[in-house]
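Visitor: Next up, my_file37.txt (compact mmCIF, C-alpha atoms).
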```
# COMPACT_ATOMS: atom_id res chain seq x y z
CA MET B 1 -23.12 -12.10 -35.56
CA SER B 2 -22.31 -8.92 -37.51
CA VAL B 3 -19.55 -6.52 -36.46
CA LYS B 4 -22.13 -3.84 -35.74
CA SER B 5 -24.17 -6.19 -33.56
CA GLU B 6 -21.02 -7.36 -31.76
CA ARG B 7 -20.05 -3.76 -30.98
CA ARG B 8 -23.52 -3.06 -29.68
CA THR B 9 -23.38 -6.09 -27.39
CA ARG B 10 -19.99 -5.08 -26.02
CA SER B 11 -21.21 -1.55 -25.40
CA GLU B 12 -24.17 -2.90 -23.45
CA MET B 13 -21.79 -4.91 -21.28
CA MET B 14 -19.23 -2.16 -20.81
CA ARG B 15 -21.11 0.88 -19.56
CA VAL B 16 -19.81 3.93 -17.69
CA LEU B 17 -21.87 6.22 -15.46
CA VAL B 18 -20.97 9.90 -15.95
CA VAL B 19 -22.18 12.31 -13.26
CA ASP B 20 -21.78 16.04 -13.89
CA ASP B 21 -24.16 19.00 -13.83
CA GLU B 22 -22.46 20.66 -16.85
CA ALA B 23 -23.92 19.45 -20.15
CA ASP B 24 -20.76 20.19 -22.15
CA ILE B 25 -18.61 18.10 -19.79
CA ARG B 26 -21.08 15.21 -20.01
CA GLU B 27 -21.03 15.44 -23.80
CA LEU B 28 -17.21 15.51 -23.93
CA LEU B 29 -16.92 12.44 -21.69
CA ASP B 30 -19.68 10.65 -23.59
CA LEU B 31 -17.95 11.19 -26.95
CA THR B 32 -14.55 10.15 -25.60
CA LEU B 33 -15.96 6.96 -24.08
CA ALA B 34 -17.83 6.18 -27.29
CA ARG B 35 -14.58 6.33 -29.25
CA MET B 36 -13.20 3.76 -26.79
CA GLY B 37 -16.08 1.40 -27.56
CA LEU B 38 -17.94 2.15 -24.34
CA ALA B 39 -21.47 3.33 -23.69
CA ALA B 40 -22.14 6.13 -21.21
CA ASP B 41 -25.20 6.92 -19.12
CA CYS B 42 -25.20 10.54 -17.95
CA ALA B 43 -26.64 11.96 -14.73
CA GLY B 44 -26.75 15.56 -13.53
CA SER B 45 -27.13 14.99 -9.78
CA VAL B 46 -26.35 12.59 -6.94
CA ALA B 47 -29.98 11.49 -6.72
CA GLU B 48 -30.19 10.74 -10.44
CA ALA B 49 -26.92 8.80 -10.27
CA LYS B 50 -28.19 6.65 -7.39
CA GLN B 51 -31.32 5.80 -9.37
CA MET B 52 -29.21 4.68 -12.36
CA LEU B 53 -26.96 2.59 -10.12
CA GLU B 54 -30.02 0.68 -8.95
CA LEU B 55 -31.17 -0.03 -12.51
CA ARG B 56 -28.05 -1.58 -14.08
CA PRO B 57 -24.41 -2.51 -13.40
CA TYR B 58 -21.53 -0.30 -14.55
CA LYS B 59 -17.83 -0.83 -15.12
CA LEU B 60 -16.86 2.66 -13.93
CA CYS B 61 -18.41 5.77 -12.42
CA LEU B 62 -16.99 9.24 -13.23
CA THR B 63 -18.34 12.01 -11.02
CA ASP B 64 -17.71 15.70 -10.55
CA MET B 65 -16.95 16.84 -7.00
CA ARG B 66 -19.58 19.58 -6.94
CA LEU B 67 -23.15 18.64 -7.80
CA PRO B 68 -26.46 20.50 -7.30
CA ASP B 69 -27.75 18.21 -4.54
CA GLY B 70 -24.49 17.23 -2.83
CA GLU B 71 -20.85 16.42 -3.36
CA GLY B 72 -19.03 13.79 -5.34
CA LEU B 73 -17.80 12.47 -1.98
CA ASP B 74 -21.40 11.54 -1.13
CA LEU B 75 -21.52 9.40 -4.25
CA VAL B 76 -18.11 7.88 -3.52
CA ARG B 77 -19.30 6.79 -0.08
CA TYR B 78 -22.56 5.46 -1.51
CA VAL B 79 -20.73 3.39 -4.13
CA SER B 80 -18.24 2.08 -1.54
CA GLU B 81 -21.16 0.88 0.58
CA HIS B 82 -23.60 -0.42 -2.04
CA CYS B 83 -21.51 -1.24 -5.15
CA ARG B 84 -18.18 -2.50 -3.77
CA ASP B 85 -16.94 -3.82 -7.12
CA LEU B 86 -17.57 -0.53 -8.94
CA PRO B 87 -14.53 1.78 -9.26
CA VAL B 88 -15.50 5.44 -8.96
CA ALA B 89 -13.25 8.31 -10.07
CA VAL B 90 -13.77 11.96 -9.19
CA ILE B 91 -13.21 15.07 -11.30
CA THR B 92 -11.79 17.93 -9.25
CA ALA B 93 -11.12 21.60 -9.92
CA TYR B 94 -7.58 22.49 -10.94
CA GLY B 95 -5.30 22.72 -7.92
CA SER B 96 -7.83 21.15 -5.52
CA MET B 97 -5.55 18.38 -4.30
CA GLU B 98 -7.24 18.43 -0.88
CA ASN B 99 -10.51 17.36 -2.51
CA ALA B 100 -8.77 14.67 -4.53
CA ILE B 101 -7.05 13.27 -1.44
CA SER B 102 -10.33 13.33 0.51
CA ALA B 103 -11.99 11.37 -2.28
CA LEU B 104 -9.20 8.80 -2.36
CA LYS B 105 -9.42 8.37 1.41
CA ALA B 106 -13.18 7.85 1.07
CA GLY B 107 -12.61 4.98 -1.37
CA ALA B 108 -12.34 6.60 -4.81
CA PHE B 109 -10.45 4.63 -7.43
CA ASP B 110 -8.63 7.68 -8.86
CA TYR B 111 -9.13 11.33 -9.76
CA LEU B 112 -8.91 13.69 -12.74
CA ALA B 113 -8.20 17.42 -12.54
CA LYS B 114 -9.99 20.04 -14.64
CA PRO B 115 -9.48 20.83 -17.43
CA VAL B 116 -9.78 17.11 -18.09
CA SER B 117 -6.90 15.65 -20.09
CA LEU B 118 -8.38 13.17 -22.55
CA ASP B 119 -5.14 11.17 -22.53
CA GLN B 120 -5.29 10.82 -18.75
CA LEU B 121 -8.99 10.00 -18.99
CA ARG B 122 -8.27 7.11 -21.37
CA ILE B 123 -5.52 5.82 -19.10
CA LEU B 124 -7.83 5.98 -16.08
CA VAL B 125 -10.67 4.21 -17.90
CA ASN B 126 -8.39 1.44 -19.16
CA SER B 127 -6.97 0.94 -15.66
CA ALA B 128 -10.48 0.65 -14.22
CA LEU B 129 -11.53 -1.88 -16.87
CA GLU B 130 -8.43 -3.97 -16.09
CA LEU B 131 -9.40 -4.42 -12.45
CA PRO B 132 -9.91 -8.11 -11.60
CA LYS B 133 -13.21 -9.20 -10.15
CA ARG B 134 -13.39 -9.91 -6.44
CA ASP B 135 -13.23 -13.66 -5.99
CA ASP B 136 -11.77 -16.37 -3.82
CA SER B 137 -8.65 -16.62 -5.99
CA ALA B 138 -7.51 -13.19 -4.81
CA ASP B 139 -7.91 -14.23 -1.18
CA ALA B 140 -6.03 -17.44 -1.88
CA SER B 141 -3.19 -15.54 -3.57
CA ILE B 142 -2.81 -13.23 -0.57
CA ALA B 143 -2.97 -16.15 1.88
CA ARG B 144 -0.23 -18.03 0.01
CA SER B 145 2.05 -14.98 -0.01
CA LEU B 146 1.22 -13.59 3.44
CA LEU B 147 0.97 -16.51 5.85
CA GLY B 148 -0.63 -16.38 9.26
CA GLU B 149 -3.99 -16.54 11.01
CA SER B 150 -3.45 -14.02 13.80
CA PRO B 151 -5.88 -11.06 13.93
CA ALA B 152 -3.09 -8.68 12.86
CA ILE B 153 -2.24 -10.72 9.75
CA ARG B 154 -5.89 -11.23 8.80
CA GLN B 155 -6.47 -7.46 9.06
CA VAL B 156 -3.48 -6.77 6.79
CA ARG B 157 -4.68 -9.29 4.20
CA ASP B 158 -8.13 -7.70 4.14
CA MET B 159 -6.61 -4.23 3.78
CA ILE B 160 -4.36 -5.33 0.90
CA GLU B 161 -7.32 -6.84 -0.97
CA ARG B 162 -9.26 -3.58 -0.63
CA VAL B 163 -6.53 -1.07 -1.49
CA ALA B 164 -5.39 -3.13 -4.50
CA ARG B 165 -8.56 -2.02 -6.30
CA SER B 166 -7.65 1.66 -5.96
CA GLN B 167 -5.09 3.92 -7.58
CA ALA B 168 -4.58 5.86 -4.35
CA PRO B 169 -1.02 6.28 -3.06
CA ILE B 170 -0.23 3.83 -0.25
CA TYR B 171 2.10 4.42 2.68
CA VAL B 172 3.31 1.10 4.11
CA SER B 173 4.63 1.59 7.63
CA GLY B 174 6.24 -0.92 9.94
CA GLU B 175 9.48 -2.04 11.49
CA SER B 176 12.44 -3.28 9.47
CA GLY B 177 11.93 -6.85 8.31
CA SER B 178 8.14 -6.81 8.71
CA GLY B 179 7.40 -7.40 5.01
CA LYS B 180 6.68 -3.93 3.64
CA GLU B 181 7.94 -4.69 0.12
CA LEU B 182 6.03 -7.99 0.10
CA ALA B 183 2.83 -6.03 0.84
CA ALA B 184 3.61 -3.56 -1.96
CA ARG B 185 4.15 -6.38 -4.47
CA LEU B 186 0.88 -8.02 -3.43
CA ILE B 187 -1.03 -4.75 -3.91
CA HIS B 188 0.45 -4.46 -7.40
CA ARG B 189 -0.24 -8.10 -8.28
CA LEU B 190 -3.90 -7.93 -7.25
CA GLY B 191 -4.69 -4.61 -8.98
CA GLY B 192 -5.39 -3.46 -12.49
CA ARG B 193 -1.70 -2.71 -13.09
CA ARG B 194 -0.57 -6.31 -12.47
CA ASP B 195 0.60 -6.81 -16.09
CA ALA B 196 2.69 -3.60 -16.06
CA PRO B 197 6.10 -3.09 -14.38
CA PHE B 198 6.67 -3.04 -10.64
CA VAL B 199 9.77 -0.88 -10.02
CA ALA B 200 11.26 -0.96 -6.52
CA VAL B 201 13.62 1.88 -5.54
CA ASN B 202 15.71 2.11 -2.37
CA CYS B 203 15.74 5.87 -1.84
CA GLY B 204 18.54 5.63 0.70
CA ALA B 205 20.93 3.97 -1.75
CA ILE B 206 20.98 6.74 -4.39
CA PRO B 207 23.64 9.48 -4.20
CA GLU B 208 21.98 12.88 -3.83
CA ASN B 209 23.64 14.33 -6.95
CA LEU B 210 22.20 11.52 -9.09
CA MET B 211 18.67 11.47 -7.70
CA GLU B 212 16.93 13.68 -10.25
CA SER B 213 18.48 11.79 -13.14
CA GLU B 214 17.62 8.41 -11.59
CA PHE B 215 14.00 9.37 -10.94
CA PHE B 216 13.18 11.39 -14.06
CA GLY B 217 15.87 10.45 -16.60
CA HIS B 218 18.01 12.74 -18.75
CA ARG B 219 18.74 13.73 -22.34
CA LYS B 220 22.02 13.09 -24.08
CA GLY B 221 24.49 15.88 -23.30
CA ALA B 222 22.47 17.24 -20.36
CA PHE B 223 25.56 16.98 -18.15
CA THR B 224 29.06 15.53 -18.21
CA GLY B 225 28.81 11.78 -18.68
CA ALA B 226 25.30 11.83 -20.20
CA ASP B 227 26.35 9.99 -23.36
CA SER B 228 22.82 8.91 -24.34
CA ASP B 229 19.16 9.45 -23.48
CA ARG B 230 18.15 7.61 -20.34
CA ALA B 231 14.74 6.91 -18.86
CA GLY B 232 14.20 7.31 -15.12
CA PHE B 233 12.26 5.28 -12.59
CA PHE B 234 8.98 7.02 -13.47
CA GLN B 235 9.31 6.12 -17.16
CA ALA B 236 10.40 2.56 -16.30
CA ALA B 237 7.29 2.10 -14.15
CA ASP B 238 4.91 3.72 -16.69
CA GLY B 239 1.52 2.05 -16.46
CA GLY B 240 2.58 0.16 -13.36
CA THR B 241 3.69 0.73 -9.78
CA LEU B 242 6.64 2.69 -8.38
CA PHE B 243 7.63 1.45 -4.93
CA LEU B 244 9.72 3.97 -3.00
CA ASP B 245 11.37 2.12 -0.14
CA GLU B 246 12.86 4.18 2.71
CA VAL B 247 11.24 7.31 1.30
CA ALA B 248 12.22 9.18 4.48
CA ASP B 249 15.82 9.22 3.22
CA LEU B 250 14.98 11.57 0.34
CA PRO B 251 16.62 15.01 0.75
CA LEU B 252 14.28 18.00 0.93
CA PRO B 253 15.07 19.36 -2.59
CA MET B 254 14.17 16.00 -4.10
CA GLN B 255 10.98 15.86 -2.05
CA VAL B 256 9.80 19.05 -3.81
CA LYS B 257 10.41 17.52 -7.26
CA LEU B 258 8.73 14.25 -6.28
CA LEU B 259 5.65 16.07 -5.00
CA ARG B 260 5.20 17.90 -8.29
CA ALA B 261 5.63 14.73 -10.34
CA ILE B 262 2.98 12.95 -8.27
CA GLN B 263 0.49 15.83 -8.39
CA GLU B 264 0.90 16.68 -12.08
CA LYS B 265 1.40 13.08 -13.22
CA ARG B 266 4.16 14.41 -15.46
CA VAL B 267 7.96 14.42 -15.33
CA ARG B 268 10.67 16.34 -17.13
CA ARG B 269 13.98 14.70 -17.98
CA ILE B 270 17.13 16.68 -17.22
CA GLY B 271 17.97 18.62 -20.35
CA ALA B 272 14.48 18.27 -21.88
CA THR B 273 12.20 21.16 -22.75
CA ALA B 274 8.90 19.27 -22.54
CA GLU B 275 7.27 17.14 -19.87
CA GLU B 276 6.18 13.54 -20.34
CA GLU B 277 3.08 11.77 -19.02
CA ALA B 278 3.89 9.57 -16.03
CA ASP B 279 1.15 7.06 -15.30
CA VAL B 280 2.40 5.37 -12.14
CA ARG B 281 0.88 4.34 -8.86
CA ILE B 282 3.03 5.34 -5.90
CA ILE B 283 3.55 3.01 -2.95
CA CYS B 284 6.11 4.12 -0.40
CA ALA B 285 7.52 2.63 2.77
CA THR B 286 9.89 3.44 5.61
CA HIS B 287 10.68 2.12 9.07
CA HIS B 288 10.89 5.72 10.32
CA LYS B 289 7.91 7.56 11.79
CA LEU B 290 7.18 10.00 8.95
CA ARG B 291 4.86 12.15 11.05
CA LEU B 292 7.65 12.70 13.56
CA LEU B 293 10.04 13.67 10.75
CA VAL B 294 7.46 16.18 9.52
CA ASP B 295 7.29 17.73 12.98
CA GLN B 296 11.10 17.93 13.01
CA GLY B 297 11.17 19.66 9.62
CA LYS B 298 13.02 16.76 7.96
CA PHE B 299 10.13 15.71 5.71
CA ARG B 300 7.78 18.00 3.80
CA GLN B 301 4.27 18.10 5.22
CA ASP B 302 2.63 18.50 1.79
CA LEU B 303 4.46 15.44 0.45
CA PHE B 304 3.56 13.47 3.59
CA TYR B 305 -0.15 14.15 3.09
CA ARG B 306 0.14 13.29 -0.61
CA LEU B 307 1.84 9.96 0.10
CA ASN B 308 -0.12 9.07 3.21
CA VAL B 309 -3.53 8.85 1.52
CA ILE B 310 -3.99 5.28 2.74
CA GLU B 311 -1.71 3.85 5.42
CA LEU B 312 -1.08 0.12 5.65
CA THR B 313 0.71 -0.87 8.86
CA MET B 314 2.62 -4.13 8.74
CA PRO B 315 2.57 -5.85 12.15
CA SER B 316 5.76 -6.82 13.92
CA LEU B 317 6.39 -10.48 14.66
CA ARG B 318 5.70 -9.73 18.33
CA GLU B 319 2.10 -8.87 17.39
CA CYS B 320 1.45 -12.24 15.79
CA ARG B 321 3.35 -14.70 17.98
CA GLU B 322 0.81 -17.45 17.36
CA ASP B 323 1.95 -17.49 13.72
CA ILE B 324 5.66 -18.00 14.50
CA PRO B 325 5.49 -21.84 14.22
CA LEU B 326 3.76 -21.51 10.84
CA PHE B 327 6.34 -18.99 9.62
CA ALA B 328 9.17 -21.20 10.85
CA ARG B 329 7.86 -24.31 9.05
CA SER B 330 7.43 -22.37 5.82
CA ILE B 331 10.93 -20.89 6.00
CA LEU B 332 12.51 -24.24 6.84
CA ARG B 333 10.67 -25.88 3.94
CA ARG B 334 11.99 -23.26 1.53
CA LEU B 335 15.56 -23.29 2.88
CA SER B 336 15.71 -27.09 2.90
CA GLY B 337 14.50 -27.24 -0.69
CA ALA B 338 17.13 -24.70 -1.77
CA ASN B 339 19.90 -26.66 -0.02
CA GLY B 340 18.68 -30.09 -1.11
CA VAL B 341 18.33 -31.45 2.44
CA PRO B 342 15.38 -33.02 4.29
CA ILE B 343 13.09 -30.64 6.20
CA PRO B 344 14.21 -30.73 9.86
CA THR B 345 11.97 -30.90 12.89
CA MET B 346 12.32 -28.65 15.95
CA THR B 347 12.54 -29.64 19.58
CA ARG B 348 9.90 -28.32 21.95
CA ALA B 349 12.53 -26.17 23.70
CA ALA B 350 13.49 -24.56 20.39
CA GLN B 351 9.84 -23.88 19.50
CA GLU B 352 9.12 -22.32 22.89
CA ALA B 353 12.24 -20.16 22.67
CA LEU B 354 11.23 -18.85 19.24
CA SER B 355 7.71 -18.10 20.46
CA ALA B 356 9.08 -16.05 23.38
CA TYR B 357 11.87 -14.27 21.51
CA PRO B 358 11.28 -10.49 20.91
CA PHE B 359 12.43 -10.52 17.24
CA PRO B 360 13.56 -6.90 16.84
CA GLY B 361 14.39 -7.82 13.23
CA ASN B 362 10.97 -9.44 12.64
CA VAL B 363 10.52 -12.08 9.92
CA ARG B 364 13.87 -11.25 8.33
CA GLU B 365 15.59 -12.06 11.64
CA LEU B 366 13.59 -15.28 11.99
CA GLU B 367 14.80 -16.35 8.56
CA ASN B 368 18.42 -15.59 9.46
CA ILE B 369 18.13 -17.52 12.73
CA LEU B 370 16.68 -20.58 11.00
CA GLU B 371 19.21 -20.47 8.17
CA ARG B 372 22.01 -20.46 10.74
CA ALA B 373 20.37 -23.26 12.74
CA LEU B 374 20.01 -25.37 9.59
CA ALA B 375 23.74 -25.10 9.03
CA LEU B 376 24.70 -25.77 12.67
CA MET B 377 22.37 -28.64 13.65
CA ALA B 378 24.08 -31.98 14.22
CA GLY B 379 21.33 -34.33 13.06
CA THR B 380 17.84 -33.86 11.60
CA GLU B 381 16.42 -31.84 14.47
CA ILE B 382 16.94 -28.18 15.43
CA ASP B 383 17.52 -27.74 19.16
CA LEU B 384 17.64 -24.64 21.33
CA VAL B 385 21.43 -24.48 21.19
CA ASP B 386 21.32 -24.40 17.37
CA LEU B 387 19.22 -21.21 17.39
CA ARG B 388 21.86 -19.16 19.24
CA LEU B 389 19.32 -16.50 20.19
CA THR B 390 20.58 -13.11 21.33
CA GLN B 391 19.88 -12.22 24.96
CA TYR B 392 18.08 -8.94 25.71
CA PRO B 393 18.74 -8.14 29.39
CA SER B 394 16.64 -5.62 31.28
CA ASP B 395 18.06 -2.79 33.37
CA GLU B 396 17.23 -4.61 36.60
CA GLU B 397 17.61 -8.35 37.18
CA PRO B 398 14.40 -9.89 38.60
CA SER B 399 14.67 -10.93 42.22
CA ASP B 400 13.08 -14.36 41.74
CA GLY B 401 15.78 -15.47 39.32
CA THR B 402 13.51 -15.77 36.28
CA ALA B 403 14.71 -14.67 32.85
CA PRO B 404 14.39 -10.91 32.11
CA LEU B 405 12.71 -11.54 28.73
CA GLN B 406 9.19 -10.71 29.97
CA ASP B 407 10.33 -7.31 31.22
CA TYR B 408 11.72 -6.52 27.79
CA LEU B 409 8.53 -7.68 26.07
CA ASP B 410 6.42 -5.57 28.45
CA GLN B 411 8.51 -2.50 27.62
CA VAL B 412 8.11 -3.11 23.88
CA GLU B 413 4.35 -3.69 24.23
CA LYS B 414 3.93 -0.59 26.37
CA GLN B 415 5.76 1.60 23.86
CA MET B 416 3.73 0.24 20.92
CA ILE B 417 0.46 0.95 22.73
CA LEU B 418 1.60 4.49 23.59
CA ASP B 419 2.61 5.08 19.96
CA ALA B 420 -0.78 3.84 18.72
CA LEU B 421 -2.65 6.02 21.24
CA ASP B 422 -0.58 9.04 20.22
CA LYS B 423 -1.22 8.39 16.52
CA THR B 424 -5.00 8.10 17.11
CA ARG B 425 -5.15 11.01 19.58
CA PHE B 426 -5.93 8.58 22.41
CA ASN B 427 -8.95 7.06 20.70
CA ARG B 428 -8.78 3.56 22.18
CA THR B 429 -11.06 1.98 19.60
CA ALA B 430 -8.94 3.33 16.75
CA ALA B 431 -5.73 2.39 18.58
CA ALA B 432 -6.95 -1.20 19.01
CA LYS B 433 -7.71 -1.40 15.30
CA LEU B 434 -4.28 0.00 14.47
CA LEU B 435 -2.60 -2.58 16.69
CA GLY B 436 -4.67 -5.45 15.28
CA VAL B 437 -6.25 -6.39 18.62
CA THR B 438 -9.77 -6.20 20.03
CA PHE B 439 -10.84 -3.27 22.20
CA ARG B 440 -11.21 -5.65 25.16
CA SER B 441 -7.69 -6.99 24.64
CA LEU B 442 -6.26 -3.46 24.47
CA ARG B 443 -8.09 -2.50 27.68
CA TYR B 444 -6.70 -5.58 29.45
CA ARG B 445 -3.15 -4.89 28.22
CA MET B 446 -3.32 -1.25 29.31
CA GLU B 447 -4.55 -2.28 32.75
CA ARG B 448 -1.77 -4.90 33.09
CA LEU B 449 0.90 -2.38 32.04
CA GLY B 450 -0.42 0.42 34.24
CA LEU B 451 -1.51 2.67 31.36
CA ASN B 452 -5.07 3.41 32.43
CA GLU B 453 -4.26 6.72 34.08
```
What does the file become when written as C-alpha cells?
Guide:
Amino acid sequence: MSVKSERRTRSEMMRVLVVDDEADIRELLDLTLARMGLAADCAGSVAEAKQMLELRPYKLCLTDMRLPDGEGLDLVRYVSEHCRDLPVAVITAYGSMENAISALKAGAFDYLAKPVSLDQLRILVNSALELPKRDDSADASIARSLLGESPAIRQVRDMIERVARSQAPIYVSGESGSGKELAARLIHRLGGRRDAPFVAVNCGAIPENLMESEFFGHRKGAFTGADSDRAGFFQAADGGTLFLDEVADLPLPMQVKLLRAIQEKRVRRIGATAEEEADVRIICATHHKLRLLVDQGKFRQDLFYRLNVIELTMPSLRECREDIPLFARSILRRLSGANGVPIPTMTRAAQEALSAYPFPGNVRELENILERALALMAGTEIDLVDLRLTQYPSDEEPSDGTAPLQDYLDQVEKQMILDALDKTRFNRTAAAKLLGVTFRSLRYRMERLGLNE
C-alpha cells in the first residue's frame, strides 16, 4: 500500500463532524484538521448535522453554540442519546462561561472559546481521539477498584464510567474516608488522559504564602529563596488531571487566581511576563458542604459553579452496609499479604457488630479497625473483642435495655435524608437518586422516621 493510499484510508477512518453556520470558521477548522491527518465533514445547521450522523460514524463532533435552526446544546443532547461513544465539543462566544458550563452539564466532552485557539483545538482533538472505547474491560477495571454490589456503589461505578469520557470538571463530595481520591484516580485512569500525569494536591496542607508558587510555579529571582525556575502543580499535571483535595480550604485570594486559571486554561508563573498553556482536567473534592460555604461567604460562588459542573457523591459506609463483609474480606486479604500471615476468619458476632456499626470514618475507619484486630487476635479468628469498636451512646437510654445504636443510626439516616431533600429542593425522586436508594425505599424510610409532614 502506498503512503498516499495509507493516508487516505486513515482519513476515512478518522473523521470529524464540524457544525457551524459561518463558512470561514468551517474552513479554518477543516484546514487545521487536515493538517492533523483527519478528514472533516462540515454542516451548517443542527438538522444537517443529524443527517450526517446517521450516514457515518465520527471520532469527534465540533459544534458552535448558536446555529440557524437551534442551539449547540440541542446537538449535544442528541449525540448523548443516539451516539453515546461520540465525544462532542462546543464552541462558545468569548466570555460565555455559562454556555460552556451548560454544555458540559448536558454531556459535552469539552469546549473552545472564540476566537478559537488552534493550539487548544489540537489539544482537544488529540484528547478526544485518545478516549478508550466503551467495553467490558472498563467495567471490570472499575469493579476491581471499587468493590461492592449495593445500589449506591453500582450507581457510583456507572457515574464514574460516564464522566471519565468527558473533560468536564468534577466535584467529588462525600464524608471523610469514603474514597473520594480513589474515585478521582479511576476517572483519570478510564479517560483519554490516562497516560498523562495525575497530580493530587491537598489544599489544606499548603501554607497560604506559598500557594501561588506551588500552584503556578515561579521564575528564578522572583522572590527571596527562588534560586531556580520551578514548575507548579498546573505545569506538572499538563495533559493530565489535577486533583484538588479539600478544595474548601483554599483562601479567598487564591480562589480568584484558581478561577482564572481554569477559565483561561493558562497560568502565569510568579516573576514571569507571559502566560503558559495549562491543559489540565480539574477534579476537586472536600468533605465540607461547598454550597453552605458559598452561602456563608467563605467560598466564591463563581468558582463553585465552575468546579461543580458534574457532582459525584461518594456514599458513606452506612449507605452500603450489605457490602461491609465484602470490604472486610478484601481488606483482610491485603493486610494479611502485607504482613505475611494467613488470612483470618471472623466470628459471627464480629461480623454482625461490623454490619451494625455506624462507621463515622467510613472505609478508612474499617481498615483501621481490621488492622488493629489483626494485631490483637489470639489465634486465626477475629472475635468481637478484637474489634474494640467505639460506643456511640444516644442522649436518652432506651427503657427496654437494648443498645442505643439504632437510635444513633436513625439520627444519622434522618439527617442524610434531610440534607438530600434540601439539596434537591424537596424533590423526592431526585433525593432518592442522590442517596442511591429507590423512591419506594425513600418513602418508607421517611415514613418510619416521621419525615412525611
Visitor: Excluding Leu104 (chain B) and its own-chain neighbours fewer than 2 positions away, which residues fall within 9 Å of it when counting only C-alpha atoms? Please give them as an MDAnalysis selection string.
Guide: chainID B and resid 89:90 99:102 106:111 166:169 309:310
Visitor: Mind checking which residues fall within 9 Å of region 171-185 of chain B, counting all atoms listed in the file, ignoring those fewer than 5 positions away in the same chain, and posting them as a PyMOL selection string?
Guide: chain B and resi 145-146+156-157+160+190+198+200+241+243+245+282-290+307-317+360-365
Visitor: So that I can see what lies close to Pro68 (chain B), please list as a PDB file with C-alpha atoms, keeping the file's coordinate frame the residues with an atom at most 8 Å from it, counting all atoms listed in the file and leaving out residues fewer than 4 positions away in the same chain.
Guide:
```pdb
ATOM      1  CA  ASP B  21     -24.160  19.000 -13.830  1.00  0.00           C
ATOM      2  CA  GLY B  44     -26.750  15.560 -13.530  1.00  0.00           C
ATOM      3  CA  SER B  45     -27.130  14.990  -9.780  1.00  0.00           C
ATOM      4  CA  VAL B  46     -26.350  12.590  -6.940  1.00  0.00           C
TER       5      VAL B  46
END
```
Visitor: Just to confirm, what's the straight-line distance from CA of Arg269 (chain B) to CA of Lys114 (chain B) in Å (one decimal)?
Guide: 24.8 Å
Visitor: Of the candidates B:Ile206, B:Ser150, B:Met52, B:Arg281, which shows the shortest atom-to-atom distance to Val163 (chain B), using all atoms listed in the file?
Guide: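 Going through B:Ile206, B:Ser150, B:Met52, B:Arg281 one by one, the smallest distance to Val163 (chain B) is for B:Arg281.
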Visitor: With distances taken over only C-alpha atoms, which of B:Glu275, B:Glu98, B:Asp195, B:Asp30 is nearest to Leu131 (chain B)?
Guide: B:Asp195
